[in-house]
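Report on the structure given below.
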Amino acid sequence: MKKKDRKYIFWFLAPSLAVFLIFQFIPMIWSFIISFTDWNVRTLPKWVGLGNYIEMFSDKNFYEAVIHTFQFIIMYIPLVLIGGMMMAMLVNLKIKGIGFFRSFYFIPVVSSWVAVSLIWKGILNPAYGYLNYFLSLFGIEGPQWLYDKNWAMVGVVMASVWKDIGFTMVLLLGGLKNISEEILEAAQIDGAGRLKKFFKITLPLMSPQIFFVVMISMINSFQVFDQVMVMTNGGPAGATTVLVEQIYRNAFSYSRMGYACAMSWILLLIILVFSFIQNRAEKKLVFYS
Amino acid sequence: MKKLLLAVLSVCLFVVAFGAVEITYMNYSALPSHEETLKLIVKEFEKQNPGIKIKLVNVPWDDYFLKLSTSFAGNDAPDTFEINYENFVEYASDGLLLPLDSLNKQFNFNANEIFAEKAYKAFSHNAVQYGFPEKFSTVVLFYNKKLFDEKKLAYPTNNWTWKEEMEAAKKLTDSKKGIWGVYQPVQFWEFYKVLTQAGGSFITANKASLNSKAGIDAVNWLVDKQKLGVMPTDAQAGGLKSEDLFVAGKVAMVHTGIWMFKMFRDEASFDWDIVVEPGMESKGTHYFVDGVVASKNTKHKEEAWKWIKFLTTSEYNAKLRYEKGWELPAISNEKYLEPFLTEKSKPANKKAIFESLSYSSLPPVIKGWSALSDIVNKELSDVALGNKTAQDALKAIDIEINKKLGK
Amino acid sequence: MNINIRKVVVYLLLVMLALTTIVPMLWTFSTSLKSKQATLAFPPDIVPKEPTLNNYITLFNSYPFGRYLFNSFLVTSATVFLQVLIAGLAAFAFARFDFRFKNVLFGLYLATLMIPFQVTAIPLYLIVRNFNWINTYQGLIVPRLFSAFGVFLLRQAFMSTPREFDESAFIDGAGYFTVFFKIVLPMNKTALATFGIFSFMDAWNSYLWPLIVSTEQNMMTLPVGLANLHGRWITQWNLVSAGAMISIIPILLVFLFAQKWFVQGVASSGLKG
């Protein structure tokens, strides 16, 4: 490394480093310290050592929240990834008015969860909703969706995929745009079929974007929160209670900030483990041009 | 003369230089529809108390305690703030509130004579008074007269028990027209009250033993209405609240609070009235009370006291509350209540409010209160969904509560 | 002939998808034109029977919605601009330089995405309070200027930008800043636009932080103001819908404006070797 480079590195990093240290890093460390205390936010914290972490292992609500969070992720990520890929390829077609459609598909992403939840509660309503009506046309009796412990999370996932698919579409579209026409044309001349082109050229060339989408979607979906609060409030009978919802309740509703911080650090640990696994996979699979 | 002028002048200067004392008042009940009413009360107070300015911080209920506790964490607590009884206990035991007894004495204020006893006592903790009750509400049984007339049924009376209510509910239910007999939410608030009606009590001798006959009766009373089809399930309600269904004429009787008067007056197209809620082994009703307190560390104790006293006792405030339908001031003086009782607006049977007060009990309050209510809600909804028996749910509730009490 | 049928099928698909995505928007719009009474109809009317603009008028008359809008615009545009700049600079450092603890630092940056804001909000509040920034624009803006998502996204994009361009610029005597501003940024318009949109959405919809840091009406942003419409017992969905419409439209406009950048990948950015 040249000496001059160091000066540059400093200036490129300084702004982000400053904001990061003061407004993100210190609060994070602080929350780590608080995780060893009992703190109701209003008065001084009391040191409890590992108490919060130990309590977590016998906390039924915490276990349920972890399980439900994983349930959400397992259903959500494949759907939002494959769906987003399909949408991205669709809006990558060079036809008239495609920009217009692209904007349409982005509407759910910008809509507020409050509005989206109202709609989806309507669609999923077992008695009057469109979905069960649609299913009944095929002679299928639809479930009670948000009012059934087994189906409530599926309902939340459907609404979430619908809302977020435009987000992955946009991220993946950036990758599609970067694949040059010449490569695809060359493949065509070599006699490659549609599927072959997709799996041998498009997919490998897009692997950085796909990796990125999986990573971000995973980090975000471990923290699924808004949709649960507005659609089911964790119900019915706790069937959709998730980690960040438990963290929020403990922090602000039960006055147990220390416990909420401890949960948050366990959550961070879980996400770290999965990111690490993914990082390993990236090194093997991702192709940088 | 000159000296006097100088004195007057210097007082004026003092006021100009240092300005008025500003008292902040954080509250949750002004939003979304009573902001203007509160501003009127502030205006009147400032007129009567020159030199004190009130700064309002209106926060929506859902975020209220988040903001309030954050402000305490940052040493920015408001001088005065509104608080409900359930949370009052936590704030008082944390030692965050200003004791009022000596200020009452200083200003010769005989609080006992002014406030309704039950309401006033609710805001004392370990024999120290920390707050003035601002307003109260009770839950009563509302009924749609038109639907009763159509089925030629006698209107409910204050002497009804669960039996009469259930019989009427069955007759009122008309599935063809999509009308249900009754709506009583399956949740913590209803449960604690229904438990009293069934002759049980939540916590006795610092221990919960809800898994009893009274407890089981109470749970069954709540969930049976849905099982028998006289009350819509959450799914059938289609996301509408019980109050909305009542206004729409889809539910003949609804258990809800008197805070709904305004909406029902404005929106219901039929005649309606109220009665004291039916009981079983005994009568039992809710008592919701909101109070106003001052922060222990306020720099302006006397001014804060004056403001919360005005806010809770002044005739002006009482009148305004009736006029605007903003719940009821918790004062015992009947002179204030007369205009309310005699006015023509619905409901006709306003006496039921005060009658139900005599059966009322405060909700059980323990540390970590909202965790408790979440637990009860979760277990109740498991029973309602048919996943658990009443007994199993109550067992689970007992365990959780006793775990919290044991701490 | 064959091509035409394919085209029809594609358009049909596009329109059907568009219909499913526009429904909530239309729904919200329709509710925003209803009276309180009309919102109670069940099943609800899709087209309001007696449309009215009253909800919008109420919003602007009884609440300082103009002020909320202004605050949201100011805070959001400042946040987006600075976030993109700061993340861009950091991403360039990660993509182009090697330095000690590079991976550790990048990991720390990413870790900020993994801790829920709910538990860092209060310490953040205490820090900002120490700066005396409560109820100020800097209090609303500065603490949110760091975006690990942005650094991550842009680093990814910069890494795919061939270094040959840098080299040829160095030969012409350019420094790193020239390379950054004149070459790397223009070549990554897609990524910048993508991040810009998300940064905009994030800042525009941000709720918890503005709620905590603003106590005065005239410092509140749109989402915080909108929450004021929810009561303890009753929520007027017609008013809430009108407020939601007001808050969605700006983001849509920004997206419509920015989406033409998505079309321009490296291939068409005019910088072909």
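Labels used: A, B, ... for chains in the order of the structure tokens, numbers from 1 for residues in each chain, and numbers from 1 for ligands as shown.
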Show me, as a list of chain:residue names, the residues that have an atom within 10 Å of C:Gly175 when counting only C-alpha atoms, minus same-chain residues fewer than 5 positions from it.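 The residues satisfying every condition are A:Asp5, A:Tyr8, C:Asp166, C:Ala169, C:Phe170, C:Phe180.
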Next, dump the selected residues to file, keeping only all heavy atoms, as a PDB file, in the first residue's frame.
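Result file part_25.pdb:
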```
ATOM      1  N   ASP A   5      -2.093   6.456  -0.036  1.00  0.00           N
ATOM      2  CA  ASP A   5      -3.393   5.774   0.060  1.00  0.00           C
ATOM      3  C   ASP A   5      -4.006   5.904   1.442  1.00  0.00           C
ATOM      4  O   ASP A   5      -5.203   6.061   1.591  1.00  0.00           O
ATOM      5  CB  ASP A   5      -3.225   4.285  -0.267  1.00  0.00           C
ATOM      6  CG  ASP A   5      -3.183   4.074  -1.763  1.00  0.00           C
ATOM      7  OD1 ASP A   5      -3.163   5.092  -2.469  1.00  0.00           O
ATOM      8  OD2 ASP A   5      -3.151   2.917  -2.197  1.00  0.00           O
ATOM      9  N   TYR A   8      -6.047   8.810   2.015  1.00  0.00           N
ATOM     10  CA  TYR A   8      -7.324   8.694   1.308  1.00  0.00           C
ATOM     11  C   TYR A   8      -8.290   7.799   2.065  1.00  0.00           C
ATOM     12  O   TYR A   8      -9.461   8.122   2.243  1.00  0.00           O
ATOM     13  CB  TYR A   8      -7.109   8.134  -0.093  1.00  0.00           C
ATOM     14  CG  TYR A   8      -6.719   9.185  -1.102  1.00  0.00           C
ATOM     15  CD1 TYR A   8      -5.466   9.189  -1.703  1.00  0.00           C
ATOM     16  CD2 TYR A   8      -7.639  10.187  -1.450  1.00  0.00           C
ATOM     17  CE1 TYR A   8      -5.116  10.145  -2.626  1.00  0.00           C
ATOM     18  CE2 TYR A   8      -7.289  11.150  -2.377  1.00  0.00           C
ATOM     19  CZ  TYR A   8      -6.038  11.132  -2.978  1.00  0.00           C
ATOM     20  OH  TYR A   8      -5.715  12.076  -3.874  1.00  0.00           O
TER      21      TYR A   8
ATOM     22  N   ASP C 166     -10.325   3.019 -13.282  1.00  0.00           N
ATOM     23  CA  ASP C 166      -9.543   3.757 -12.288  1.00  0.00           C
ATOM     24  C   ASP C 166      -8.120   3.973 -12.807  1.00  0.00           C
ATOM     25  O   ASP C 166      -7.588   5.079 -12.783  1.00  0.00           O
ATOM     26  CB  ASP C 166      -9.418   2.978 -10.972  1.00  0.00           C
ATOM     27  CG  ASP C 166     -10.757   2.584 -10.389  1.00  0.00           C
ATOM     28  OD1 ASP C 166     -11.752   2.645 -11.140  1.00  0.00           O
ATOM     29  OD2 ASP C 166     -10.796   2.245  -9.205  1.00  0.00           O
ATOM     30  N   ALA C 169      -7.568   6.512 -15.342  1.00  0.00           N
ATOM     31  CA  ALA C 169      -7.711   7.868 -14.794  1.00  0.00           C
ATOM     32  C   ALA C 169      -6.454   8.271 -14.029  1.00  0.00           C
ATOM     33  O   ALA C 169      -6.000   9.411 -14.106  1.00  0.00           O
ATOM     34  CB  ALA C 169      -8.927   7.944 -13.887  1.00  0.00           C
ATOM     35  N   PHE C 170      -5.879   7.293 -13.276  1.00  0.00           N
ATOM     36  CA  PHE C 170      -4.663   7.597 -12.527  1.00  0.00           C
ATOM     37  C   PHE C 170      -3.544   8.037 -13.471  1.00  0.00           C
ATOM     38  O   PHE C 170      -2.789   8.957 -13.176  1.00  0.00           O
ATOM     39  CB  PHE C 170      -4.193   6.376 -11.722  1.00  0.00           C
ATOM     40  CG  PHE C 170      -5.067   6.079 -10.548  1.00  0.00           C
ATOM     41  CD1 PHE C 170      -5.411   4.771 -10.224  1.00  0.00           C
ATOM     42  CD2 PHE C 170      -5.548   7.115  -9.745  1.00  0.00           C
ATOM     43  CE1 PHE C 170      -6.219   4.498  -9.144  1.00  0.00           C
ATOM     44  CE2 PHE C 170      -6.359   6.844  -8.666  1.00  0.00           C
ATOM     45  CZ  PHE C 170      -6.697   5.531  -8.363  1.00  0.00           C
ATOM     46  N   PHE C 180     -13.574   8.608  -7.700  1.00  0.00           N
ATOM     47  CA  PHE C 180     -14.834   8.329  -7.019  1.00  0.00           C
ATOM     48  C   PHE C 180     -15.991   9.125  -7.624  1.00  0.00           C
ATOM     49  O   PHE C 180     -17.019   8.566  -8.020  1.00  0.00           O
ATOM     50  CB  PHE C 180     -14.681   8.642  -5.529  1.00  0.00           C
ATOM     51  CG  PHE C 180     -15.953   8.493  -4.740  1.00  0.00           C
ATOM     52  CD1 PHE C 180     -16.533   7.245  -4.551  1.00  0.00           C
ATOM     53  CD2 PHE C 180     -16.574   9.605  -4.181  1.00  0.00           C
ATOM     54  CE1 PHE C 180     -17.702   7.095  -3.823  1.00  0.00           C
ATOM     55  CE2 PHE C 180     -17.747   9.466  -3.449  1.00  0.00           C
ATOM     56  CZ  PHE C 180     -18.315   8.209  -3.276  1.00  0.00           C
TER      57      PHE C 180
END
```
Enumerate as a ChimeraX atom specification the residues belonging to chain B that approach chain A to within 8 Å, with only C-alpha atoms taken into account. /B:65-66,69-70,72-73,94,234-236,238-239,368-371,377-382,385
In Å to one decimal, how far is atom CA of A:Thr69 from atom CA of A:Val244?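 Interatomic distance, atom CA of A:Val244 to atom CA of A:Thr69: 9.0 Å.
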For chain C, which residue among B:Lys241, B:His300, B:Lys388, B:Lys135 is the nearest when counting only C-alpha atoms?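 Among the listed residues, B:Lys241 lies closest to chain C.
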Restrict the distance test to only C-alpha atoms, flag each residue of chain B within 6 Å of chain C, and return the flagged residues as a PyMOL selection string. chain B and resi 32+60-61+74
N, CA, C and O atoms of the current selection, written as a PDB file, in the first residue's frame:
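result.pdb, written as the output of this step:
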```pdb
ATOM      1  N   PRO B  32     -57.664  11.476  19.789  1.00  0.00           N
ATOM      2  CA  PRO B  32     -57.590  12.326  18.614  1.00  0.00           C
ATOM      3  C   PRO B  32     -58.662  13.410  18.550  1.00  0.00           C
ATOM      4  O   PRO B  32     -58.582  14.269  17.708  1.00  0.00           O
ATOM      5  N   PRO B  60     -50.406  10.001  21.434  1.00  0.00           N
ATOM      6  CA  PRO B  60     -51.425   8.953  21.278  1.00  0.00           C
ATOM      7  C   PRO B  60     -51.209   7.833  22.294  1.00  0.00           C
ATOM      8  O   PRO B  60     -50.079   7.534  22.677  1.00  0.00           O
ATOM      9  N   TRP B  61     -52.297   7.229  22.721  1.00  0.00           N
ATOM     10  CA  TRP B  61     -52.275   6.213  23.773  1.00  0.00           C
ATOM     11  C   TRP B  61     -51.255   5.111  23.509  1.00  0.00           C
ATOM     12  O   TRP B  61     -50.524   4.701  24.402  1.00  0.00           O
ATOM     13  N   GLY B  74     -34.323  10.337  30.372  1.00  0.00           N
ATOM     14  CA  GLY B  74     -33.513  11.467  29.964  1.00  0.00           C
ATOM     15  C   GLY B  74     -33.604  12.649  30.920  1.00  0.00           C
ATOM     16  O   GLY B  74     -33.166  13.745  30.580  1.00  0.00           O
TER      17      GLY B  74
END
```
Taking only residues of chain C that have an atom at most 7 Å from an atom of chain A, what is each one's shortest atom pair and its distance in Å to one decimal, using only C-alpha atoms, in chain and number order, as CSV?
```
residue,atom,partner,partner_atom,distance
C:Leu14,CA,A:Phe101,CA,6.9
C:Ala18,CA,A:Phe104,CA,5.7
C:Thr21,CA,A:Tyr105,CA,5.9
C:Ile22,CA,A:Phe104,CA,6.6
C:Pro24,CA,A:Ile119,CA,6.1
C:Thr28,CA,A:Ala115,CA,6.6
C:Ile86,CA,A:Ser16,CA,5.6
C:Ala87,CA,A:Ser16,CA,6.8
C:Leu89,CA,A:Phe12,CA,4.9
C:Ala90,CA,A:Leu13,CA,5.0
C:Ala93,CA,A:Phe12,CA,5.9
C:Thr112,CA,A:Gln24,CA,6.8
C:Met114,CA,A:Leu268,CA,5.3
C:Ile115,CA,A:Leu268,CA,5.7
C:Pro116,CA,A:Ser264,CA,6.5
C:Gln118,CA,A:Tyr248,CA,6.2
C:Val119,CA,A:Cys261,CA,5.9
C:Thr120,CA,A:Pro27,CA,5.2
C:Pro123,CA,A:Pro27,CA,5.2
C:Leu124,CA,A:Pro27,CA,5.8
C:Pro143,CA,A:Phe23,CA,5.4
C:Leu145,CA,A:Val19,CA,6.8
C:Phe146,CA,A:Val19,CA,6.0
C:Ser160,CA,A:Ser289,CA,6.4
C:Thr190,CA,A:Gly174,CA,6.3
C:Ala191,CA,A:Gly174,CA,6.9
C:Met201,CA,A:Val110,CA,6.9
C:Ile248,CA,A:Ser111,CA,6.2
C:Ile251,CA,A:Val110,CA,6.7
C:Phe255,CA,A:Ser103,CA,6.9
C:Leu256,CA,A:Ser103,CA,6.2
C:Phe262,CA,A:Gly174,CA,6.5
C:Val263,CA,A:Lys177,CA,6.8
C:Gly265,CA,A:Lys177,CA,5.0
C:Val266,CA,A:Asn178,CA,5.8
C:Ala267,CA,A:Ser180,CA,6.3
```
Quick one: write out the picked residues with N, CA and C atoms as a short mmCIF file (atom, residue, chain, number, x, y, z; two decimals), in the first residue's frame?
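Ended up saving to selection.cif:
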```
data_model
loop_
_atom_site.label_atom_id
_atom_site.label_comp_id
_atom_site.auth_asym_id
_atom_site.auth_seq_id
_atom_site.Cartn_x
_atom_site.Cartn_y
_atom_site.Cartn_z
N LEU C 14 -48.76 -8.81 -17.17
CA LEU C 14 -48.36 -7.54 -16.56
C LEU C 14 -49.55 -6.82 -15.95
N ALA C 18 -50.34 -6.00 -12.07
CA ALA C 18 -50.53 -4.59 -11.70
C ALA C 18 -51.81 -4.41 -10.91
N THR C 21 -51.43 -5.35 -7.38
CA THR C 21 -50.61 -4.46 -6.55
C THR C 21 -51.27 -3.11 -6.31
N ILE C 22 -52.17 -2.72 -7.20
CA ILE C 22 -52.74 -1.39 -7.05
C ILE C 22 -53.95 -1.39 -6.11
N PRO C 24 -54.56 -2.11 -2.89
CA PRO C 24 -54.56 -1.42 -1.59
C PRO C 24 -54.55 0.09 -1.74
N THR C 28 -57.29 2.33 -0.17
CA THR C 28 -56.99 3.43 0.74
C THR C 28 -57.60 4.72 0.21
N ILE C 86 -22.34 9.47 2.30
CA ILE C 86 -21.52 8.83 3.33
C ILE C 86 -21.34 7.33 3.04
N ALA C 87 -22.43 6.68 2.67
CA ALA C 87 -22.34 5.25 2.36
C ALA C 87 -21.47 5.03 1.12
N LEU C 89 -18.93 6.88 0.03
CA LEU C 89 -17.52 7.04 0.40
C LEU C 89 -17.00 5.78 1.10
N ALA C 90 -17.78 5.30 2.07
CA ALA C 90 -17.34 4.12 2.81
C ALA C 90 -17.26 2.91 1.89
N ALA C 93 -14.14 2.86 -0.08
CA ALA C 93 -12.99 2.44 0.72
C ALA C 93 -12.95 0.92 0.83
N THR C 112 -24.76 -3.59 12.84
CA THR C 112 -25.78 -2.60 13.21
C THR C 112 -27.13 -2.93 12.60
N MET C 114 -28.28 -5.87 12.61
CA MET C 114 -28.78 -7.07 13.25
C MET C 114 -29.32 -6.83 14.65
N ILE C 115 -29.17 -5.64 15.17
CA ILE C 115 -29.70 -5.38 16.50
C ILE C 115 -30.96 -4.53 16.34
N PRO C 116 -32.05 -4.93 16.95
CA PRO C 116 -33.29 -4.18 16.76
C PRO C 116 -33.17 -2.76 17.30
N GLN C 118 -35.31 -1.02 18.55
CA GLN C 118 -36.08 -0.85 19.78
C GLN C 118 -35.20 -0.78 21.03
N VAL C 119 -34.06 -1.47 21.01
CA VAL C 119 -33.23 -1.44 22.21
C VAL C 119 -32.07 -0.46 22.13
N THR C 120 -31.82 0.12 20.96
CA THR C 120 -30.77 1.14 20.91
C THR C 120 -31.38 2.54 20.87
N PRO C 123 -30.68 4.67 24.41
CA PRO C 123 -29.33 5.26 24.52
C PRO C 123 -29.09 6.34 23.46
N LEU C 124 -29.61 6.11 22.29
CA LEU C 124 -29.46 7.12 21.24
C LEU C 124 -30.12 8.43 21.67
N PRO C 143 -28.44 11.49 13.58
CA PRO C 143 -28.25 10.14 14.13
C PRO C 143 -28.60 9.03 13.15
N LEU C 145 -27.83 9.00 9.86
CA LEU C 145 -27.11 9.18 8.60
C LEU C 145 -26.29 7.97 8.17
N PHE C 146 -26.05 7.07 9.09
CA PHE C 146 -25.24 5.91 8.73
C PHE C 146 -26.16 4.76 8.31
N SER C 160 -18.08 -4.71 -8.56
CA SER C 160 -18.29 -5.22 -9.92
C SER C 160 -17.87 -4.21 -10.98
N THR C 190 -27.40 2.94 -11.27
CA THR C 190 -28.45 1.99 -10.89
C THR C 190 -28.42 1.74 -9.39
N ALA C 191 -27.24 1.38 -8.91
CA ALA C 191 -27.11 1.08 -7.49
C ALA C 191 -27.43 2.31 -6.64
N MET C 201 -37.47 5.87 1.32
CA MET C 201 -38.59 5.20 1.97
C MET C 201 -38.37 5.08 3.47
N ILE C 248 -48.18 8.45 0.86
CA ILE C 248 -47.70 7.52 -0.18
C ILE C 248 -47.29 8.27 -1.44
N ILE C 251 -43.58 9.30 -2.26
CA ILE C 251 -42.66 8.19 -2.54
C ILE C 251 -42.89 7.67 -3.94
N PHE C 255 -40.24 7.46 -6.94
CA PHE C 255 -39.93 6.22 -7.64
C PHE C 255 -40.12 6.38 -9.15
N LEU C 256 -41.21 7.01 -9.54
CA LEU C 256 -41.46 7.23 -10.97
C LEU C 256 -40.30 7.98 -11.59
N PHE C 262 -32.94 2.90 -13.29
CA PHE C 262 -32.77 1.45 -13.20
C PHE C 262 -32.49 0.84 -14.56
N VAL C 263 -33.02 1.48 -15.60
CA VAL C 263 -32.86 0.93 -16.94
C VAL C 263 -31.42 1.02 -17.39
N GLY C 265 -27.97 0.26 -17.00
CA GLY C 265 -26.93 -0.51 -16.34
C GLY C 265 -25.60 0.01 -16.82
N VAL C 266 -24.57 -0.74 -16.51
CA VAL C 266 -23.24 -0.36 -16.98
C VAL C 266 -23.23 -0.26 -18.50
N ALA C 267 -23.95 -1.20 -19.11
CA ALA C 267 -23.91 -1.30 -20.56
C ALA C 267 -24.31 -0.01 -21.25
#
```
Which of stretch 43-113 of chain C end up as alpha helix (DSSP H) when DSSP is run on this backbone - answer as number ranges by chain? C: 54-62, 65-96, 102-111
File of the preceding selection, N, CA and C atoms, as a compact mmCIF listing (two decimals), in the first residue's frame:
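Result file follows (again.txt):
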```txt
# COMPACT_ATOMS: atom_id res chain seq x y z
N ASN C 54 -63.94 15.76 2.60
CA ASN C 54 -63.93 16.27 3.97
C ASN C 54 -62.74 15.80 4.79
N ASN C 55 -62.36 14.54 4.60
CA ASN C 55 -61.26 14.00 5.41
C ASN C 55 -59.98 14.78 5.18
N TYR C 56 -59.72 15.10 3.91
CA TYR C 56 -58.51 15.86 3.61
C TYR C 56 -58.58 17.25 4.21
N ILE C 57 -59.78 17.84 4.11
CA ILE C 57 -59.94 19.19 4.66
C ILE C 57 -59.74 19.15 6.19
N THR C 58 -60.35 18.15 6.82
CA THR C 58 -60.20 18.02 8.28
C THR C 58 -58.73 17.90 8.66
N LEU C 59 -58.01 17.08 7.91
CA LEU C 59 -56.60 16.87 8.23
C LEU C 59 -55.84 18.18 8.25
N PHE C 60 -56.04 18.97 7.21
CA PHE C 60 -55.26 20.20 7.12
C PHE C 60 -55.78 21.29 8.03
N ASN C 61 -57.09 21.21 8.36
CA ASN C 61 -57.64 22.24 9.23
C ASN C 61 -57.41 21.97 10.70
N SER C 62 -57.59 20.72 11.12
CA SER C 62 -57.48 20.47 12.57
C SER C 62 -56.11 20.00 13.00
N PHE C 65 -50.98 19.59 9.29
CA PHE C 65 -50.45 18.64 8.33
C PHE C 65 -49.48 19.27 7.34
N GLY C 66 -49.69 20.55 7.05
CA GLY C 66 -48.75 21.24 6.18
C GLY C 66 -47.36 21.23 6.80
N ARG C 67 -47.32 21.49 8.08
CA ARG C 67 -46.06 21.52 8.79
C ARG C 67 -45.41 20.13 8.83
N TYR C 68 -46.23 19.11 9.11
CA TYR C 68 -45.71 17.75 9.11
C TYR C 68 -45.06 17.43 7.76
N LEU C 69 -45.78 17.82 6.69
CA LEU C 69 -45.27 17.53 5.34
C LEU C 69 -43.94 18.21 5.11
N PHE C 70 -43.88 19.49 5.48
CA PHE C 70 -42.64 20.25 5.31
C PHE C 70 -41.50 19.58 6.06
N ASN C 71 -41.76 19.23 7.32
CA ASN C 71 -40.71 18.58 8.12
C ASN C 71 -40.25 17.28 7.48
N SER C 72 -41.22 16.50 7.02
CA SER C 72 -40.87 15.22 6.42
C SER C 72 -40.01 15.43 5.18
N PHE C 73 -40.38 16.40 4.36
CA PHE C 73 -39.61 16.67 3.16
C PHE C 73 -38.18 17.09 3.49
N LEU C 74 -38.09 18.02 4.42
CA LEU C 74 -36.76 18.52 4.78
C LEU C 74 -35.89 17.41 5.34
N VAL C 75 -36.42 16.71 6.31
CA VAL C 75 -35.64 15.66 6.97
C VAL C 75 -35.28 14.57 5.98
N THR C 76 -36.25 14.18 5.16
CA THR C 76 -35.99 13.08 4.24
C THR C 76 -34.96 13.46 3.18
N SER C 77 -35.10 14.64 2.59
CA SER C 77 -34.15 14.95 1.51
C SER C 77 -32.74 15.10 2.06
N ALA C 78 -32.60 15.73 3.23
CA ALA C 78 -31.26 15.84 3.82
C ALA C 78 -30.71 14.46 4.14
N THR C 79 -31.55 13.61 4.71
CA THR C 79 -31.09 12.28 5.10
C THR C 79 -30.65 11.48 3.87
N VAL C 80 -31.47 11.51 2.82
CA VAL C 80 -31.14 10.72 1.63
C VAL C 80 -29.82 11.20 1.04
N PHE C 81 -29.70 12.50 0.85
CA PHE C 81 -28.50 13.03 0.22
C PHE C 81 -27.25 12.62 1.01
N LEU C 82 -27.29 12.89 2.32
CA LEU C 82 -26.10 12.61 3.12
C LEU C 82 -25.85 11.11 3.29
N GLN C 83 -26.92 10.37 3.41
CA GLN C 83 -26.76 8.91 3.55
C GLN C 83 -26.07 8.32 2.33
N VAL C 84 -26.52 8.73 1.15
CA VAL C 84 -25.94 8.19 -0.07
C VAL C 84 -24.46 8.59 -0.16
N LEU C 85 -24.18 9.84 0.15
CA LEU C 85 -22.80 10.31 0.08
C LEU C 85 -21.90 9.53 1.05
N ILE C 86 -22.34 9.47 2.30
CA ILE C 86 -21.52 8.83 3.33
C ILE C 86 -21.34 7.33 3.04
N ALA C 87 -22.43 6.68 2.67
CA ALA C 87 -22.34 5.25 2.36
C ALA C 87 -21.47 5.03 1.12
N GLY C 88 -21.58 5.93 0.14
CA GLY C 88 -20.79 5.81 -1.07
C GLY C 88 -19.30 5.90 -0.77
N LEU C 89 -18.93 6.88 0.03
CA LEU C 89 -17.52 7.04 0.40
C LEU C 89 -17.00 5.78 1.10
N ALA C 90 -17.78 5.30 2.07
CA ALA C 90 -17.34 4.12 2.81
C ALA C 90 -17.26 2.91 1.89
N ALA C 91 -18.25 2.77 1.03
CA ALA C 91 -18.27 1.61 0.14
C ALA C 91 -17.05 1.63 -0.78
N PHE C 92 -16.67 2.80 -1.21
CA PHE C 92 -15.49 2.92 -2.08
C PHE C 92 -14.24 2.45 -1.33
N ALA C 93 -14.14 2.86 -0.08
CA ALA C 93 -12.99 2.44 0.72
C ALA C 93 -12.95 0.92 0.83
N PHE C 94 -14.12 0.31 1.08
CA PHE C 94 -14.14 -1.15 1.23
C PHE C 94 -13.90 -1.86 -0.10
N ALA C 95 -14.32 -1.24 -1.20
CA ALA C 95 -14.20 -1.91 -2.49
C ALA C 95 -12.82 -1.74 -3.11
N ARG C 96 -12.14 -0.63 -2.79
CA ARG C 96 -10.91 -0.31 -3.52
C ARG C 96 -9.63 -0.38 -2.70
N LYS C 102 -10.02 -4.37 7.97
CA LYS C 102 -11.06 -4.05 7.00
C LYS C 102 -12.29 -4.95 7.20
N ASN C 103 -12.02 -6.25 7.30
CA ASN C 103 -13.16 -7.16 7.44
C ASN C 103 -13.86 -7.01 8.78
N VAL C 104 -13.06 -6.72 9.81
CA VAL C 104 -13.66 -6.52 11.13
C VAL C 104 -14.59 -5.32 11.10
N LEU C 105 -14.10 -4.24 10.51
CA LEU C 105 -14.90 -3.02 10.46
C LEU C 105 -16.18 -3.26 9.65
N PHE C 106 -16.01 -3.95 8.52
CA PHE C 106 -17.19 -4.21 7.70
C PHE C 106 -18.20 -5.06 8.49
N GLY C 107 -17.69 -6.02 9.21
CA GLY C 107 -18.55 -6.85 10.05
C GLY C 107 -19.27 -6.03 11.10
N LEU C 108 -18.55 -5.10 11.71
CA LEU C 108 -19.18 -4.23 12.73
C LEU C 108 -20.27 -3.37 12.10
N TYR C 109 -19.96 -2.86 10.91
CA TYR C 109 -20.98 -2.07 10.21
C TYR C 109 -22.24 -2.90 10.00
N LEU C 110 -22.03 -4.12 9.49
CA LEU C 110 -23.19 -4.98 9.22
C LEU C 110 -23.93 -5.33 10.50
N ALA C 111 -23.20 -5.45 11.60
CA ALA C 111 -23.84 -5.84 12.86
C ALA C 111 -24.91 -4.83 13.27
```
Using only C-alpha atoms for the distances, tell me which of C:Val151, C:Leu113, C:Met219, C:Ala203 is nearest to C:Thr136. C:Met219
Which residues in stretch 131-309 of chain B does DSSP call strand (DSSP E or B)? List them as an MDAnalysis selection string. chainID B and resid 131:137 139:144 161 174 179:183 203:204 207:208 251:257 272:275 279 285:286 288:295
